[in-house]
Amino acid sequence: MGDNDNNLYIPEHVGIIMDGNGRWAKKRGLPRSVGHKFGAQNFRKITRYISKRGVKVLTLYAFSTENWKRSSEEVGALMKLFKQYLIDSLTDFRDDDIKVVFIGDRSAFDDKLVELINENEEVSRDRKGMLLNIAMNYGSRAEILMAVKELCREVRDSGLDPEGITEEDIASHLYTGGLPDPDLIIRTGGELRLSNFLLYQSAYSEFYSTETLWPDFHDEDFDKAIEEFNKRSRRFGGV
Ligand code: IPE
Ligand code: IPE
Ligand code: MG
């Protein structure tokens with residue numbers, strides 16, 4: 001194993017829409033929350049593998065701004081799992097030198113969860129390995145709105161000229177400011193949509209969808225996505 005198996009190019013930034021936990025549980029006659037439990041276990045495992053493969057930035061979609069629409073039972077189970085896994089990840093990712101950052105509106109979470117989010121960021125701040133962005137209460141439209149409001153404030157308070165605002169100014173005001181755009185976005189569970197994930201950043205991302213449900217998405221499935229990515233011809237509007 002290594003960065004260059006079969007001379008494959010390893011994308012710098014990969015995003016994953018971790019979908020299909022509910023269906024995974026349903027297929028087994030289990031409650032949806034059990035699917036989330038297995039999904040969370042998979043998150044723990046595959047993150048380390050992806051870091052070993054040489055990816056520089058991994059953005060995982062864990063909970064969207066729209067996921068609050070689910071039953072309070074399901075949302076409650078998810079919040080409980082987040083807490084449990086964020087306790088584990090305080091030490092989990094240390095050996096792989098993974099730096100953890102959360103993107104999304106954390107103000108909606110309870111104090112204990114916010115504390116764990118902050119703690120994870122603090123203990124991993126100086127790590128030099130892969131950057132893991134965990135998107136929680138993340139929605140791309142809310143993110144763009146946040147950027148627009150901040151730019152408006154700069155126009156009002158700091159003399160920013162509206163005519164001078166650039167695409168890079170918008171990008172730098174997003175949660176992902178300073179990071180390369182995702183090269184590859186993987187969605188498990190078979191749907192062919194972004195569901196409000198990295199809309200601005202994914203303008204030229206390669207999209208890879210697999211029927212495999214998130215709890216079943218393992219190392220070899222990730223490698224398959226990388227192989228498929230290597231077959232794509234990225235033109236960025238050129239020829
Ligand atoms: C993804 O799995 C996890 C979250 C959105 C939190 P789902 O819960 O959406 O699973 P399906 O799509 O219903 O199978
Ligand atoms: C997207 O999955 C959000 C996450 C994986 C966190 P959803 O299951 O919420 O998306 P839709 O509802 O199928 O579009
Ligand atoms: Mg889903």
# chains A, B, ... in the order shown; residues from 1 in each chain; ligands from 1
>>> residues_around(residues="Asp161 of chain A", least_positions_apart="6", cutoff="10 Å", atoms="only C-alpha atoms", output="ChimeraX atom specification")
/A:151-152,154-155
>>> write_last_selection(atoms="N, CA, C and O atoms", output="mmCIF file, in the first residue's frame")
data_model
loop_
_atom_site.group_PDB
_atom_site.id
_atom_site.type_symbol
_atom_site.label_atom_id
_atom_site.label_comp_id
_atom_site.auth_asym_id
_atom_site.auth_seq_id
_atom_site.Cartn_x
_atom_site.Cartn_y
_atom_site.Cartn_z
ATOM 1 N N LEU A 151 -19.405 39.490 3.772
ATOM 2 C CA LEU A 151 -18.933 40.432 2.752
ATOM 3 C C LEU A 151 -19.727 41.744 2.815
ATOM 4 O O LEU A 151 -19.161 42.828 2.677
ATOM 5 N N CYS A 152 -21.028 41.625 3.046
ATOM 6 C CA CYS A 152 -21.865 42.835 3.182
ATOM 7 C C CYS A 152 -21.387 43.690 4.361
ATOM 8 O O CYS A 152 -21.328 44.921 4.272
ATOM 9 N N GLU A 154 -18.381 43.788 5.497
ATOM 10 C CA GLU A 154 -17.106 44.406 5.121
ATOM 11 C C GLU A 154 -17.329 45.616 4.211
ATOM 12 O O GLU A 154 -16.587 46.590 4.265
ATOM 13 N N VAL A 155 -18.367 45.542 3.382
ATOM 14 C CA VAL A 155 -18.710 46.695 2.535
ATOM 15 C C VAL A 155 -19.157 47.849 3.430
ATOM 16 O O VAL A 155 -18.720 48.990 3.301
#
>>> residues_around(residues="Glu143 of chain A", least_positions_apart="2", cutoff="12 Å", atoms="only C-alpha atoms", output="ChimeraX atom specification")
/A:64-65,103-105,135-141,145-150,170-177,196-201
>>> residues_around(residues="Asp126 of chain A", least_positions_apart="3", cutoff="9 Å", atoms="only C-alpha atoms", output="list in words")
Asp97, Lys99, Glu122 and Val123 of chain A
>>> select_by_dssp(residues="chain A", states="helix (DSSP H, G or I)", output="count of residues only")
116
>>> closest_residue(among="A:Gly238, A:Pro215, A:Gly54, A:Pro180", to="Gly22 of chain A", atoms="only C-alpha atoms")
A:Pro215
>>> select_by_dssp(residues="segment 8-161 of chain A", states="strand (DSSP E)", output="list in words")
His13, Val14, Gly15, Ile16, Ile17, Val57, Leu58, Thr59, Leu60, Tyr61, Ala62, Phe63, Ser64, Lys99, Val100, Val101, Phe102, Ile103, Leu131, Leu132, Asn133, Ile134, Ala135, Met136, Asn137 and Tyr138 of chain A
>>> closest_residue(among="A:Phe109, A:Phe102, A:Tyr204, A:Tyr9", to="Arg125 of chain A", atoms="only C-alpha atoms")
A:Phe102
>>> atom_distance(atom1="atom CA of His218 of chain A", atom2="atom CA of Ile46 of chain A")
6.5 Å
>>> residues_near_ligand(ligand="ligand 1", cutoff="6 Å", atoms="only C-alpha atoms and all ligand atoms", output="list in words")
Met18, Asp19, Gly20, Asn21, Gly22, Arg23, Ala62 and Phe63 of chain A
>>> write_last_selection(atoms="N, CA and C atoms", output="PDB file, in the first residue's frame")
ATOM      1  N   MET A  18     -21.953  10.440   3.277  1.00  0.00           N
ATOM      2  CA  MET A  18     -22.071   9.117   3.913  1.00  0.00           C
ATOM      3  C   MET A  18     -23.547   8.753   4.052  1.00  0.00           C
ATOM      4  N   ASP A  19     -24.121   8.235   2.994  1.00  0.00           N
ATOM      5  CA  ASP A  19     -25.573   8.000   2.969  1.00  0.00           C
ATOM      6  C   ASP A  19     -25.899   6.503   2.952  1.00  0.00           C
ATOM      7  N   GLY A  20     -27.060   6.163   3.488  1.00  0.00           N
ATOM      8  CA  GLY A  20     -27.558   4.791   3.389  1.00  0.00           C
ATOM      9  C   GLY A  20     -27.604   4.022   4.702  1.00  0.00           C
ATOM     10  N   ASN A  21     -27.338   4.684   5.820  1.00  0.00           N
ATOM     11  CA  ASN A  21     -27.380   3.993   7.115  1.00  0.00           C
ATOM     12  C   ASN A  21     -28.772   3.438   7.420  1.00  0.00           C
ATOM     13  N   GLY A  22     -29.796   4.256   7.130  1.00  0.00           N
ATOM     14  CA  GLY A  22     -31.170   3.852   7.434  1.00  0.00           C
ATOM     15  C   GLY A  22     -31.570   2.622   6.632  1.00  0.00           C
ATOM     16  N   ARG A  23     -31.266   2.636   5.341  1.00  0.00           N
ATOM     17  CA  ARG A  23     -31.604   1.490   4.486  1.00  0.00           C
ATOM     18  C   ARG A  23     -30.819   0.245   4.893  1.00  0.00           C
ATOM     19  N   ALA A  62     -21.713  14.495   7.709  1.00  0.00           N
ATOM     20  CA  ALA A  62     -22.259  13.675   8.792  1.00  0.00           C
ATOM     21  C   ALA A  62     -23.704  14.034   9.141  1.00  0.00           C
ATOM     22  N   PHE A  63     -24.051  15.335   9.020  1.00  0.00           N
ATOM     23  CA  PHE A  63     -25.406  15.774   9.402  1.00  0.00           C
ATOM     24  C   PHE A  63     -25.693  17.090   8.693  1.00  0.00           C
TER      25      PHE A  63
END
>>> residues_around(residues="Leu60 of chain A", least_positions_apart="4", cutoff="8 Å", atoms="only C-alpha atoms", output="list in words")
Gly15, Ile16, Ile17, Met18, Leu132, Asn133, Ile134 and Ala135 of chain A
>>> write_last_selection(atoms="N, CA, C and O atoms", output="PDB file, in the first residue's frame")
ATOM      1  N   GLY A  15     -14.428  14.536  -0.849  1.00  0.00           N
ATOM      2  CA  GLY A  15     -15.620  14.723  -0.021  1.00  0.00           C
ATOM      3  C   GLY A  15     -16.443  13.444  -0.064  1.00  0.00           C
ATOM      4  O   GLY A  15     -16.515  12.792  -1.108  1.00  0.00           O
ATOM      5  N   ILE A  16     -17.051  13.084   1.051  1.00  0.00           N
ATOM      6  CA  ILE A  16     -17.910  11.888   1.043  1.00  0.00           C
ATOM      7  C   ILE A  16     -19.259  12.199   1.673  1.00  0.00           C
ATOM      8  O   ILE A  16     -19.345  12.718   2.800  1.00  0.00           O
ATOM      9  N   ILE A  17     -20.319  11.894   0.930  1.00  0.00           N
ATOM     10  CA  ILE A  17     -21.687  11.978   1.447  1.00  0.00           C
ATOM     11  C   ILE A  17     -22.012  10.579   1.969  1.00  0.00           C
ATOM     12  O   ILE A  17     -22.226   9.646   1.191  1.00  0.00           O
ATOM     13  N   MET A  18     -21.953  10.440   3.277  1.00  0.00           N
ATOM     14  CA  MET A  18     -22.071   9.117   3.913  1.00  0.00           C
ATOM     15  C   MET A  18     -23.547   8.753   4.052  1.00  0.00           C
ATOM     16  O   MET A  18     -24.150   8.945   5.098  1.00  0.00           O
ATOM     17  N   LEU A 132      -9.111  16.475   8.416  1.00  0.00           N
ATOM     18  CA  LEU A 132     -10.446  15.878   8.370  1.00  0.00           C
ATOM     19  C   LEU A 132     -11.474  16.949   8.720  1.00  0.00           C
ATOM     20  O   LEU A 132     -11.514  17.434   9.859  1.00  0.00           O
ATOM     21  N   ASN A 133     -12.284  17.333   7.727  1.00  0.00           N
ATOM     22  CA  ASN A 133     -13.394  18.258   7.984  1.00  0.00           C
ATOM     23  C   ASN A 133     -14.632  17.428   8.242  1.00  0.00           C
ATOM     24  O   ASN A 133     -15.045  16.655   7.374  1.00  0.00           O
ATOM     25  N   ILE A 134     -15.239  17.595   9.387  1.00  0.00           N
ATOM     26  CA  ILE A 134     -16.487  16.883   9.649  1.00  0.00           C
ATOM     27  C   ILE A 134     -17.623  17.894   9.509  1.00  0.00           C
ATOM     28  O   ILE A 134     -17.682  18.883  10.250  1.00  0.00           O
ATOM     29  N   ALA A 135     -18.483  17.670   8.524  1.00  0.00           N
ATOM     30  CA  ALA A 135     -19.584  18.599   8.258  1.00  0.00           C
ATOM     31  C   ALA A 135     -20.792  18.198   9.099  1.00  0.00           C
ATOM     32  O   ALA A 135     -21.420  17.170   8.861  1.00  0.00           O
TER      33      ALA A 135
END
>>> closest_residue(among="A:Tyr49, A:Trp214, A:Phe82, A:Trp24", to="ligand 2", atoms="only C-alpha atoms and all ligand atoms")
A:Trp214
